[in-house]
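With compact mmCIF, C-alpha atoms inside, this is final-v3.txt:
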# COMPACT_ATOMS: atom_id res chain seq x y z
CA MET A 252 62.15 74.27 59.06
CA PHE A 253 59.03 72.99 57.28
CA GLU A 254 56.99 73.41 60.49
CA SER A 255 58.05 77.03 60.85
CA PHE A 256 57.01 77.65 57.25
CA VAL A 257 53.57 76.12 58.00
CA VAL A 258 53.22 78.33 61.09
CA SER A 259 54.13 81.49 59.19
CA VAL A 260 51.62 80.57 56.46
CA ILE A 261 48.91 80.07 59.13
CA TYR A 262 49.81 83.39 60.80
CA TRP A 263 49.83 85.50 57.64
CA THR A 264 46.78 83.78 56.12
CA THR A 265 44.76 84.44 59.28
CA LEU A 266 45.79 88.10 59.40
CA LEU A 267 45.08 88.51 55.69
CA ALA A 268 41.66 86.84 56.05
CA VAL A 269 40.72 89.17 58.95
CA PHE A 270 42.03 92.17 56.98
CA VAL A 271 40.07 91.31 53.83
CA TRP A 272 36.90 90.40 55.75
CA LEU A 273 36.96 93.66 57.73
CA ASN A 274 37.64 95.87 54.73
CA ARG A 275 35.03 94.20 52.52
CA GLY A 276 32.52 94.43 55.36
CA LEU A 277 33.40 98.08 55.96
CA SER A 278 32.85 99.10 52.35
CA ARG A 279 29.57 97.16 52.22
CA LEU A 280 28.36 98.80 55.43
CA LYS A 281 29.38 102.27 54.22
CA GLU A 282 27.25 101.75 51.11
CA ARG A 283 24.34 100.52 53.23
CA VAL A 284 24.52 103.51 55.60
CA ALA A 285 24.65 105.94 52.66
CA ASP A 286 21.66 104.18 51.07
CA LEU A 287 19.61 104.21 54.29
CA GLU A 288 20.45 107.86 54.96
CA ARG A 289 19.47 108.79 51.40
CA LYS A 290 16.14 106.98 51.79
CA GLU A 291 15.57 108.65 55.17
CA ARG A 292 16.25 112.09 53.70
CA ALA A 293 13.91 111.40 50.74
CA GLU A 294 11.14 110.24 53.10
CA GLY A 295 11.62 113.33 55.26
CA GLU A 296 11.44 115.55 52.20
CA ARG A 297 8.26 113.79 51.00
CA GLY A 298 6.68 114.15 54.44
CA ARG A 299 7.53 117.84 54.55
CA LYS A 300 6.01 118.42 51.08
CA ARG A 301 2.87 116.51 52.09
CA GLY A 302 2.62 118.67 55.20
CA GLU A 303 2.98 121.85 53.17
CA GLY A 304 0.34 120.63 50.65
CA GLY A 305 -2.15 119.93 53.42
CA LYS A 306 -2.07 123.47 54.78
CA MET B 158 35.84 110.43 59.61
CA LYS B 159 38.23 111.28 56.77
CA THR B 160 41.12 112.04 59.12
CA SER B 161 40.59 108.72 60.92
CA ALA B 162 40.61 106.91 57.54
CA VAL B 163 43.87 108.66 56.59
CA GLY B 164 45.32 107.79 60.00
CA GLN B 165 44.29 104.16 59.53
CA ASN B 166 45.92 104.02 56.10
CA ILE B 167 49.15 105.52 57.47
CA LEU B 168 49.08 102.99 60.31
CA LEU B 169 48.58 100.17 57.79
CA CYS B 170 51.51 101.36 55.65
CA VAL B 171 53.80 101.61 58.71
CA ALA B 172 52.62 98.19 59.98
CA VAL B 173 53.26 96.55 56.58
CA ALA B 174 56.70 98.19 56.25
CA VAL B 175 57.78 97.10 59.75
CA SER B 176 56.32 93.61 59.15
CA VAL B 177 58.34 93.21 55.93
CA VAL B 178 61.56 94.23 57.70
CA ALA B 179 60.72 92.02 60.72
CA SER B 180 59.92 88.99 58.50
CA TYR B 181 63.13 89.51 56.53
CA ALA B 182 65.09 89.69 59.77
CA ALA B 183 63.32 86.58 61.06
CA TYR B 184 64.02 84.50 57.93
CA LEU B 185 67.57 85.61 57.32
CA GLY B 186 68.45 86.93 60.75
CA PRO B 187 71.22 85.70 63.00
CA GLY B 188 68.98 83.48 65.12
CA VAL B 189 67.80 81.21 62.32
CA GLN B 190 71.12 81.10 60.49
CA ALA B 191 73.58 80.73 63.34
CA GLU B 192 71.54 79.05 66.08
CA ARG B 193 68.77 76.49 66.08
CA SER B 194 66.33 76.49 63.18
CA ASP B 195 63.37 76.21 65.57
CA ILE B 196 64.22 79.68 66.92
CA PHE B 197 62.09 80.93 64.01
CA PHE B 198 58.96 79.83 65.94
CA LEU B 199 59.89 82.35 68.59
CA TYR B 200 59.43 85.24 66.16
CA LEU B 201 55.84 84.21 65.37
CA HIS B 202 54.62 82.48 68.50
CA VAL B 203 55.73 85.08 71.07
CA PRO B 204 54.24 88.12 69.24
CA THR B 205 50.88 86.34 68.72
CA ALA B 206 50.73 85.35 72.40
CA TRP B 207 51.70 88.90 73.43
CA ILE B 208 48.98 90.40 71.21
CA CYS B 209 46.47 87.91 72.63
CA TYR B 210 47.25 89.14 76.19
CA LEU B 211 47.26 92.77 75.03
CA ALA B 212 43.87 92.46 73.32
CA PHE B 213 42.26 90.89 76.38
CA SER B 214 43.85 93.55 78.61
CA ILE B 215 42.36 96.32 76.42
CA SER B 216 39.05 94.49 76.58
CA LEU B 217 39.27 94.37 80.38
CA LEU B 218 40.10 98.09 80.66
CA ALA B 219 37.16 98.96 78.40
CA SER B 220 34.82 96.80 80.50
CA VAL B 221 36.05 98.36 83.77
CA GLY B 222 35.64 101.81 82.20
CA PHE B 223 32.16 100.84 81.04
CA LEU B 224 31.05 99.74 84.51
CA ALA B 225 32.59 102.85 86.15
CA ALA B 226 30.90 105.16 83.62
CA LYS B 227 27.61 103.32 84.03
CA ASN B 228 27.86 103.67 87.79
CA ASN B 229 28.41 107.43 87.46
CA LEU B 230 25.53 107.68 85.01
CA GLY B 231 23.21 106.02 87.49
CA LYS B 232 24.22 108.45 90.25
CA SER B 233 23.83 111.61 88.22
CA ALA B 234 20.59 110.62 86.48
CA ASP B 235 18.90 113.95 86.01
CA GLU B 236 16.36 114.46 83.22
CA SER B 237 17.24 118.15 82.91
CA LYS B 238 20.71 117.19 81.70
CA ARG B 239 19.41 115.11 78.83
CA LEU B 240 22.09 116.01 76.29
CA GLU B 241 24.86 115.28 78.74
CA LYS B 242 23.21 111.98 79.50
CA LEU B 243 23.03 111.06 75.81
CA ASP B 244 26.73 111.89 75.51
CA ARG B 245 27.49 109.55 78.37
CA LEU B 246 25.33 106.80 76.85
CA GLU B 247 27.31 107.17 73.66
CA LYS B 248 30.54 106.82 75.65
CA LEU B 249 29.14 103.65 77.25
CA ASP B 250 28.38 102.26 73.80
CA LYS B 251 31.92 102.99 72.66
CA LEU B 252 33.49 101.27 75.67
CA ASP B 253 31.24 98.22 75.34
CA ARG B 254 32.01 98.01 71.64
CA LEU B 255 35.77 98.34 72.24
CA ALA B 256 35.65 95.54 74.83
CA GLU B 257 33.88 93.22 72.40
CA VAL B 258 36.02 94.07 69.35
CA SER B 259 39.24 93.65 71.31
CA ALA B 260 38.08 90.30 72.70
CA VAL B 261 37.24 89.04 69.19
CA LEU B 262 40.72 89.97 67.94
CA GLY B 263 42.23 88.47 71.09
CA LEU B 264 40.51 85.20 70.23
CA VAL B 265 41.90 85.25 66.69
CA TYR B 266 45.45 85.88 67.95
CA GLY B 267 44.90 83.35 70.75
CA ALA B 268 43.94 80.68 68.22
CA VAL B 269 47.07 81.40 66.16
CA ALA B 270 49.20 81.32 69.35
CA LEU B 271 47.70 77.94 70.31
CA ILE B 272 48.22 76.47 66.83
CA SER B 273 51.77 77.82 66.47
CA GLY B 274 52.54 76.61 70.00
CA ALA B 275 51.23 73.14 69.14
CA VAL B 276 53.37 72.94 65.97
CA TRP B 277 56.42 74.12 67.93
CA ALA B 278 55.63 71.55 70.65
CA GLU B 279 55.56 68.81 68.01
CA ALA B 280 58.96 69.91 66.72
CA ALA B 281 60.46 70.29 70.20
CA TRP B 282 58.72 67.68 72.36
CA GLY B 283 57.39 65.22 69.78
CA ALA B 284 53.65 65.76 70.30
CA TYR B 285 51.26 68.51 69.31
CA TRP B 286 49.46 68.55 72.65
CA ASN B 287 51.08 67.55 75.93
CA TRP B 288 48.64 68.98 78.50
CA ASP B 289 51.50 71.15 79.64
CA PRO B 290 50.36 73.79 82.20
CA ARG B 291 51.00 76.65 79.73
CA GLU B 292 49.09 74.88 76.94
CA THR B 293 46.21 73.95 79.20
CA THR B 294 45.84 77.35 80.89
CA THR B 295 46.00 79.13 77.52
CA LEU B 296 43.26 76.85 76.22
CA ILE B 297 41.20 77.66 79.35
CA LEU B 298 41.77 81.37 78.65
CA TRP B 299 40.63 80.97 75.06
CA VAL B 300 37.50 79.04 76.05
CA ALA B 301 36.72 81.65 78.74
CA TYR B 302 36.67 84.38 76.10
CA VAL B 303 34.59 82.28 73.72
CA GLY B 304 32.18 82.17 76.67
CA TYR B 305 32.32 85.97 76.91
CA LEU B 306 31.20 86.34 73.30
CA SER B 307 28.56 83.63 73.71
CA VAL B 308 27.15 85.43 76.77
CA LYS B 309 27.02 88.68 74.83
CA ARG B 310 25.26 87.04 71.89
CA SER B 311 22.73 85.23 74.06
CA ILE B 312 21.21 88.28 75.82
CA GLY B 313 18.60 90.28 73.93
CA SER B 314 18.54 93.58 75.82
CA VAL B 315 21.46 95.80 74.81
CA GLU B 316 21.89 97.30 78.27
CA LYS B 317 21.73 93.99 80.13
CA ARG B 318 24.04 92.39 77.57
CA ALA B 319 26.63 95.13 78.06
CA VAL B 320 26.55 94.94 81.88
CA VAL B 321 26.61 91.14 82.09
CA GLY B 322 29.31 91.04 79.40
CA ALA B 323 31.49 93.55 81.28
CA VAL B 324 31.21 91.60 84.55
CA TYR B 325 31.94 88.31 82.75
CA ASN B 326 34.90 89.93 81.00
CA ILE B 327 36.44 90.96 84.33
CA LEU B 328 36.01 87.42 85.64
CA ALA B 329 37.43 85.91 82.42
CA PHE B 330 40.52 88.09 82.72
CA SER B 331 41.61 86.09 85.77
CA THR B 332 42.71 83.40 83.29
CA ILE B 333 45.40 85.74 81.86
CA PRO B 334 47.73 85.76 84.91
CA LEU B 335 46.96 82.05 85.25
CA SER B 336 48.22 81.45 81.71
CA PHE B 337 51.12 83.90 81.96
CA LEU B 338 52.49 82.60 85.26
CA SER B 339 51.77 78.90 84.66
CA ALA B 340 55.21 78.23 83.11
CA THR B 341 56.92 79.82 86.14
CA LEU B 342 54.76 78.59 88.99
CA LEU B 343 53.99 75.09 87.76
CA LEU B 344 56.19 72.31 86.50
CA SER B 345 56.21 73.05 82.79
CA LEU B 346 58.08 72.08 79.65
CA HIS B 347 57.39 75.51 78.22
CA PRO B 348 60.61 77.55 78.09
CA GLN B 349 60.94 80.94 79.75
CA ALA B 350 61.22 83.80 77.27
CA SER B 351 64.51 84.96 78.80
CA LYS B 352 66.08 81.51 78.37
CA VAL B 353 65.05 81.10 74.72
CA SER B 354 66.14 84.52 73.53
CA SER B 355 69.42 84.85 75.34
CA SER B 356 71.54 86.41 72.59
CA ALA B 357 71.25 90.10 71.74
CA PRO B 358 70.63 89.69 67.95
CA VAL B 359 67.82 87.21 68.60
CA GLN B 360 66.28 89.59 71.12
CA ALA B 361 66.54 92.47 68.63
CA VAL B 362 64.71 90.46 65.94
CA LEU B 363 62.12 89.36 68.51
CA TYR B 364 61.42 92.97 69.57
CA LEU B 365 61.15 94.01 65.93
CA ASN B 366 58.57 91.25 65.36
CA LEU B 367 56.73 92.30 68.52
CA LEU B 368 56.57 95.88 67.21
CA ALA B 369 55.33 94.71 63.79
CA ALA B 370 52.62 92.54 65.35
CA THR B 371 51.54 95.36 67.69
CA LEU B 372 51.25 97.85 64.82
CA PHE B 373 49.25 95.38 62.74
CA PHE B 374 47.01 94.68 65.71
CA ALA B 375 46.47 98.44 66.26
CA TYR B 376 45.37 98.72 62.62
CA LEU B 377 43.04 95.71 62.89
CA LEU B 378 41.57 97.01 66.16
CA THR B 379 40.74 100.45 64.73
CA THR B 380 39.31 98.90 61.54
CA ALA B 381 37.25 96.36 63.47
CA TYR B 382 35.99 99.13 65.76
CA SER B 383 34.85 101.15 62.72
CA PHE B 384 33.21 98.02 61.32
CA TRP B 385 31.25 97.36 64.55
CA SER B 386 30.28 101.07 64.80
CA LEU B 387 28.92 101.06 61.25
CA LYS B 388 27.04 97.82 61.92
CA ASP B 389 25.37 99.43 64.92
CA ARG B 390 24.59 102.54 62.86
CA VAL B 391 22.91 100.41 60.17
CA GLU B 392 20.83 98.65 62.85
CA ALA B 393 19.85 102.02 64.35
CA LEU B 394 18.85 103.39 60.94
CA ILE B 395 16.78 100.29 60.15
CA TYR B 396 15.12 100.54 63.57
CA ARG B 397 14.36 104.24 63.03
CA LYS B 398 12.90 103.45 59.61
CA GLY B 399 10.74 100.74 61.16
CA GLU B 400 9.52 103.17 63.78
CA GLY B 401 8.40 105.56 61.03
CA GLY B 402 11.09 108.10 61.78
CA GLU B 403 9.93 108.83 65.30
CA GLY B 404 12.50 106.79 67.21
CA GLY B 405 16.23 106.90 67.00
CA GLU B 406 17.04 107.96 70.51
CA ARG B 407 17.69 105.25 72.94
CA GLY B 408 15.81 105.21 76.14
CA GLU B 409 16.71 103.84 79.55
CA GLY B 410 16.60 100.30 78.23
CA GLY B 411 18.99 101.27 75.45
CA GLU B 412 17.42 98.98 72.88
CA VAL B 413 19.05 100.80 69.98
CA ARG B 414 22.68 101.69 69.95
CA GLY B 415 25.14 103.29 67.63
CA GLU B 416 23.31 106.56 67.06
CA GLY B 417 25.95 109.06 66.16
CA GLY B 418 28.60 106.53 67.01
CA ALA B 419 32.17 107.50 66.20
CA VAL B 420 32.54 105.96 62.80
Represent the structure from my file as structure tokens, please.
Amino acid sequence: MFESFVVSVIYWTTLLAVFVWLNRGLSRLKERVADLERKERAEGERGRKRGEGGK
Amino acid sequence: MKTSAVGQNILLCVAVAVSVVASYAAYLGPGVQAERSDIFFLYLHVPTAWICYLAFSISLLASVGFLAAKNNLGKSADESKRLEKLDRLEKLDKLDRLAEVSAVLGLVYGAVALISGAVWAEAAWGAYWNWDPRETTTLILWVAYVGYLSVKRSIGSVEKRAVVGAVYNILAFSTIPLSFLSATLLLSLHPQASKVSSSAPVQAVLYLNLLAATLFFAYLLTTAYSFWSLKDRVEALIYRKGEGGEGGERGEGGEVRGEGGAV
């Protein structure tokens, strides 16, 4: 019975590790995408203003 | 995006609930109590092996779909239908991504199936590894898919990587029937599923565990797919930033992917 306990620990630990890794990675990537999109929008806005100023 | 997140959370809740019931049934169920104590291995080893096969089958279907869609794209290459073409390129990206994500999860489940099988073999046959046909062919399968990921990582061009990966994936899939049929066709110590789970209560608990594992896998697959999509989106945004905001679309070579990917 000890072996079956070891196997179930391996099974659930692996699934939990994948679960935690994916969810942590997802939240980190979501933040990164939001940050990059914010920077892109700000750069676009700056470029537009510069274009308007040059006219 | 919000609806998919809600759907994922619902799937997770259902998967956890079914897993709790399935684990309870496995620990205290009729098989473990009334029959042999090693029957418990059945409830963990069989679902992981089943998910391993399922994941590689999904990966194969995605790769076949990718190659078919790519073939159609090549035939109907018409610059006037640019938007339609971009749509199709996006579909290609999704299929390629699904093939890779599913293969990665298949490898994780495959590793657990190999380890649990080895521990069960030690309990039943007295040695962790016996070079039994089922053990050996499953190891070959696992190594073949490690090769698939290595091939995908080793090619720089996104388009070439996807095509070579899809072809390799189809070839690697030939190891699945080899592994599945090895216990039947070759002289093997590995028991047949029908012989191990002969009684109805044991079969019921086994099916419940199969359902739990499948639901959990479905959740992991959708989450991993979102993860890979976001990773590609970050790469595309960084590339676009590097190009000074003028890039972003992928050309024939498809050097940037993930633009507008279904996250």
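Straight-line separation from atom CA of Ala275 of chain B to atom CA of Ser339 of chain B: 16.6 Å.
Rounded to one decimal, atom CA of Ser180 of chain B and atom CA of Ala268 of chain B lie 20.5 Å from each other.
The two atoms in question, atom CA of Leu252 of chain B and atom CA of Gly222 of chain B, are spaced 6.9 Å apart.
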Of the candidates B:Ser273, B:Ser161, B:Ser331, B:Ser307, which one gets nearest to chain A if we count all atoms listed in the file?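 For chain A, the nearest of the candidates is B:Ser273.
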Near segment 273-285 of chain A, within 9 Å and counting all atoms listed in the file, which residues show up once chain neighbours fewer than 5 positions away are dropped, as a PDB file with C-alpha atoms, keeping the file's coordinate frame?
ATOM      1  CA  ALA A 268      41.660  86.840  56.050  1.00  0.00           C
ATOM      2  CA  LYS A 290      16.140 106.980  51.790  1.00  0.00           C
TER       3      LYS A 290
ATOM      4  CA  LEU B 377      43.040  95.710  62.890  1.00  0.00           C
ATOM      5  CA  THR B 380      39.310  98.900  61.540  1.00  0.00           C
ATOM      6  CA  ALA B 381      37.250  96.360  63.470  1.00  0.00           C
ATOM      7  CA  SER B 383      34.850 101.150  62.720  1.00  0.00           C
ATOM      8  CA  PHE B 384      33.210  98.020  61.320  1.00  0.00           C
ATOM      9  CA  TRP B 385      31.250  97.360  64.550  1.00  0.00           C
ATOM     10  CA  LEU B 387      28.920 101.060  61.250  1.00  0.00           C
ATOM     11  CA  LYS B 388      27.040  97.820  61.920  1.00  0.00           C
ATOM     12  CA  ARG B 390      24.590 102.540  62.860  1.00  0.00           C
ATOM     13  CA  VAL B 391      22.910 100.410  60.170  1.00  0.00           C
ATOM     14  CA  LEU B 394      18.850 103.390  60.940  1.00  0.00           C
TER      15      LEU B 394
END
Chain B residues within 10 Å of chain A, counting all atoms listed in the file: which ones, as a PyMOL selection string? chain B and resi 180+184+189+193-202+205+262+265-266+268-270+272-277+279-280+373-374+376-377+380-392+394-395+397-398+401-402+420
Using all atoms listed in the file, which residues sit within 6 Å of segment 170-179 of chain B once same-chain residues fewer than 6 positions away are excluded, as a ChimeraX atom specification? /B:365-366,369,372-373
Report, as AutoDock Vina command-line options, the centre and edge lengths in Å (one decimal) of the axis-aligned box enclosing every listed atom of segment 267-285 of chain A, padded by 8 Å on each side.
--center_x 34.7 --center_y 96.4 --center_z 55.0 --size_x 36.7 --size_y 35.1 --size_z 23.8
Around (52.1, 74.1, 81.5) in the file's frame, which residues reach within 12 Å when counting all atoms listed in the file? Return as a ChimeraX atom specification? /B:274,278,286-297,335-349
Write the residues of the preceding selection, restricted to C-alpha atoms, as an mmCIF file, in the coordinates of the input.
data_model
loop_
_atom_site.group_PDB
_atom_site.id
_atom_site.type_symbol
_atom_site.label_atom_id
_atom_site.label_comp_id
_atom_site.auth_asym_id
_atom_site.auth_seq_id
_atom_site.Cartn_x
_atom_site.Cartn_y
_atom_site.Cartn_z
ATOM 1 C CA GLY B 274 52.540 76.610 70.000
ATOM 2 C CA ALA B 278 55.630 71.550 70.650
ATOM 3 C CA TRP B 286 49.460 68.550 72.650
ATOM 4 C CA ASN B 287 51.080 67.550 75.930
ATOM 5 C CA TRP B 288 48.640 68.980 78.500
ATOM 6 C CA ASP B 289 51.500 71.150 79.640
ATOM 7 C CA PRO B 290 50.360 73.790 82.200
ATOM 8 C CA ARG B 291 51.000 76.650 79.730
ATOM 9 C CA GLU B 292 49.090 74.880 76.940
ATOM 10 C CA THR B 293 46.210 73.950 79.200
ATOM 11 C CA THR B 294 45.840 77.350 80.890
ATOM 12 C CA THR B 295 46.000 79.130 77.520
ATOM 13 C CA LEU B 296 43.260 76.850 76.220
ATOM 14 C CA ILE B 297 41.200 77.660 79.350
ATOM 15 C CA LEU B 335 46.960 82.050 85.250
ATOM 16 C CA SER B 336 48.220 81.450 81.710
ATOM 17 C CA PHE B 337 51.120 83.900 81.960
ATOM 18 C CA LEU B 338 52.490 82.600 85.260
ATOM 19 C CA SER B 339 51.770 78.900 84.660
ATOM 20 C CA ALA B 340 55.210 78.230 83.110
ATOM 21 C CA THR B 341 56.920 79.820 86.140
ATOM 22 C CA LEU B 342 54.760 78.590 88.990
ATOM 23 C CA LEU B 343 53.990 75.090 87.760
ATOM 24 C CA LEU B 344 56.190 72.310 86.500
ATOM 25 C CA SER B 345 56.210 73.050 82.790
ATOM 26 C CA LEU B 346 58.080 72.080 79.650
ATOM 27 C CA HIS B 347 57.390 75.510 78.220
ATOM 28 C CA PRO B 348 60.610 77.550 78.090
ATOM 29 C CA GLN B 349 60.940 80.940 79.750
#
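Comparing B:Glu257, B:Tyr181, B:Ala219, B:Phe330 by their smallest distance to Trp299 of chain B, the closest is B:Phe330 (using only C-alpha atoms).
When all atoms listed in the file are used to compute distances to Leu246 of chain B, the closest of the residues B:Val362, B:Ala319, B:Leu306, B:Ala212 turns out to be B:Ala319.
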For a cutoff of 12 Å around the file-coordinate point (44.5, 95.6, 79.0), which residues qualify once you count all atoms listed in the file? I'd like the result as an NGL selection string. :B and (207-222 or 255-256 or 259-260 or 263 or 326-327 or 330 or 333-334)
Any chance you could export segment 206-289 of chain B with C-alpha atoms, as a compact mmCIF listing (two decimals), in the first residue's frame?
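Printed below is out_32.txt as written:
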# COMPACT_ATOMS: atom_id res chain seq x y z
CA ALA B 206 -1.68 6.39 -19.68
CA TRP B 207 -5.07 7.12 -21.29
CA ILE B 208 -4.50 10.88 -21.03
CA CYS B 209 -1.01 10.44 -22.50
CA TYR B 210 -2.50 8.71 -25.58
CA LEU B 211 -5.33 11.27 -25.76
CA ALA B 212 -2.93 14.23 -25.63
CA PHE B 213 -0.75 12.82 -28.41
CA SER B 214 -3.85 12.03 -30.48
CA ILE B 215 -5.04 15.65 -30.15
CA SER B 216 -1.54 16.76 -31.09
CA LEU B 217 -1.64 14.53 -34.18
CA LEU B 218 -5.06 15.84 -35.26
CA ALA B 219 -3.87 19.44 -34.86
CA SER B 220 -0.75 18.70 -36.93
CA VAL B 221 -2.78 17.00 -39.69
CA GLY B 222 -5.20 19.96 -39.64
CA PHE B 223 -2.24 22.33 -39.81
CA LEU B 224 -0.74 20.63 -42.86
CA ALA B 225 -4.15 20.43 -44.61
CA ALA B 226 -4.85 24.12 -43.92
CA LYS B 227 -1.36 25.06 -45.05
CA ASN B 228 -1.85 23.10 -48.26
CA ASN B 229 -5.12 24.94 -48.95
CA LEU B 230 -3.47 28.26 -48.17
CA GLY B 231 -0.76 27.57 -50.71
CA LYS B 232 -3.33 26.76 -53.41
CA SER B 233 -5.52 29.79 -52.88
CA ALA B 234 -2.68 32.30 -52.43
CA ASP B 235 -4.22 35.45 -53.82
CA GLU B 236 -2.97 38.87 -52.69
CA SER B 237 -6.40 40.44 -53.24
CA LYS B 238 -7.81 38.29 -50.45
CA ARG B 239 -5.33 39.55 -47.89
CA LEU B 240 -7.66 39.61 -44.90
CA GLU B 241 -8.87 36.11 -45.58
CA LYS B 242 -5.28 35.01 -45.86
CA LEU B 243 -4.39 36.59 -42.50
CA ASP B 244 -7.35 34.77 -40.96
CA ARG B 245 -6.05 31.50 -42.31
CA LEU B 246 -2.54 32.24 -41.05
CA GLU B 247 -4.01 32.83 -37.63
CA LYS B 248 -5.79 29.47 -37.84
CA LEU B 249 -2.47 27.83 -38.77
CA ASP B 250 -0.86 29.41 -35.72
CA LYS B 251 -3.63 28.08 -33.49
CA LEU B 252 -3.32 24.53 -34.84
CA ASP B 253 0.47 24.54 -34.52
CA ARG B 254 0.21 25.88 -30.98
CA LEU B 255 -2.42 23.28 -30.02
CA ALA B 256 -0.20 20.48 -31.38
CA GLU B 257 2.75 21.67 -29.30
CA VAL B 258 0.80 22.35 -26.09
CA SER B 259 -0.93 18.97 -26.27
CA ALA B 260 2.39 17.19 -26.85
CA VAL B 261 3.96 18.92 -23.83
CA LEU B 262 1.07 17.80 -21.60
CA GLY B 263 1.24 14.33 -23.15
CA LEU B 264 4.88 14.16 -22.10
CA VAL B 265 4.02 15.15 -18.52
CA TYR B 266 1.29 12.49 -18.30
CA GLY B 267 3.56 10.01 -20.10
CA ALA B 268 6.28 10.54 -17.49
CA VAL B 269 3.78 9.97 -14.66
CA ALA B 270 2.47 6.84 -16.45
CA LEU B 271 6.02 5.50 -16.80
CA ILE B 272 6.89 6.20 -13.16
CA SER B 273 3.62 4.79 -11.79
CA GLY B 274 4.03 1.77 -14.07
CA ALA B 275 7.57 1.22 -12.78
CA VAL B 276 6.43 1.39 -9.13
CA TRP B 277 3.57 -1.02 -9.89
CA ALA B 278 6.02 -3.32 -11.70
CA GLU B 279 8.24 -3.35 -8.61
CA ALA B 280 5.28 -4.31 -6.44
CA ALA B 281 3.98 -6.94 -8.88
CA TRP B 282 7.07 -8.33 -10.60
CA GLY B 283 9.86 -7.42 -8.18
CA ALA B 284 11.78 -4.96 -10.37
CA TYR B 285 11.15 -1.39 -11.42
CA TRP B 286 12.19 -1.95 -15.02
CA ASN B 287 11.91 -5.29 -16.81
CA TRP B 288 12.29 -4.28 -20.47
CA ASP B 289 8.78 -5.59 -20.93
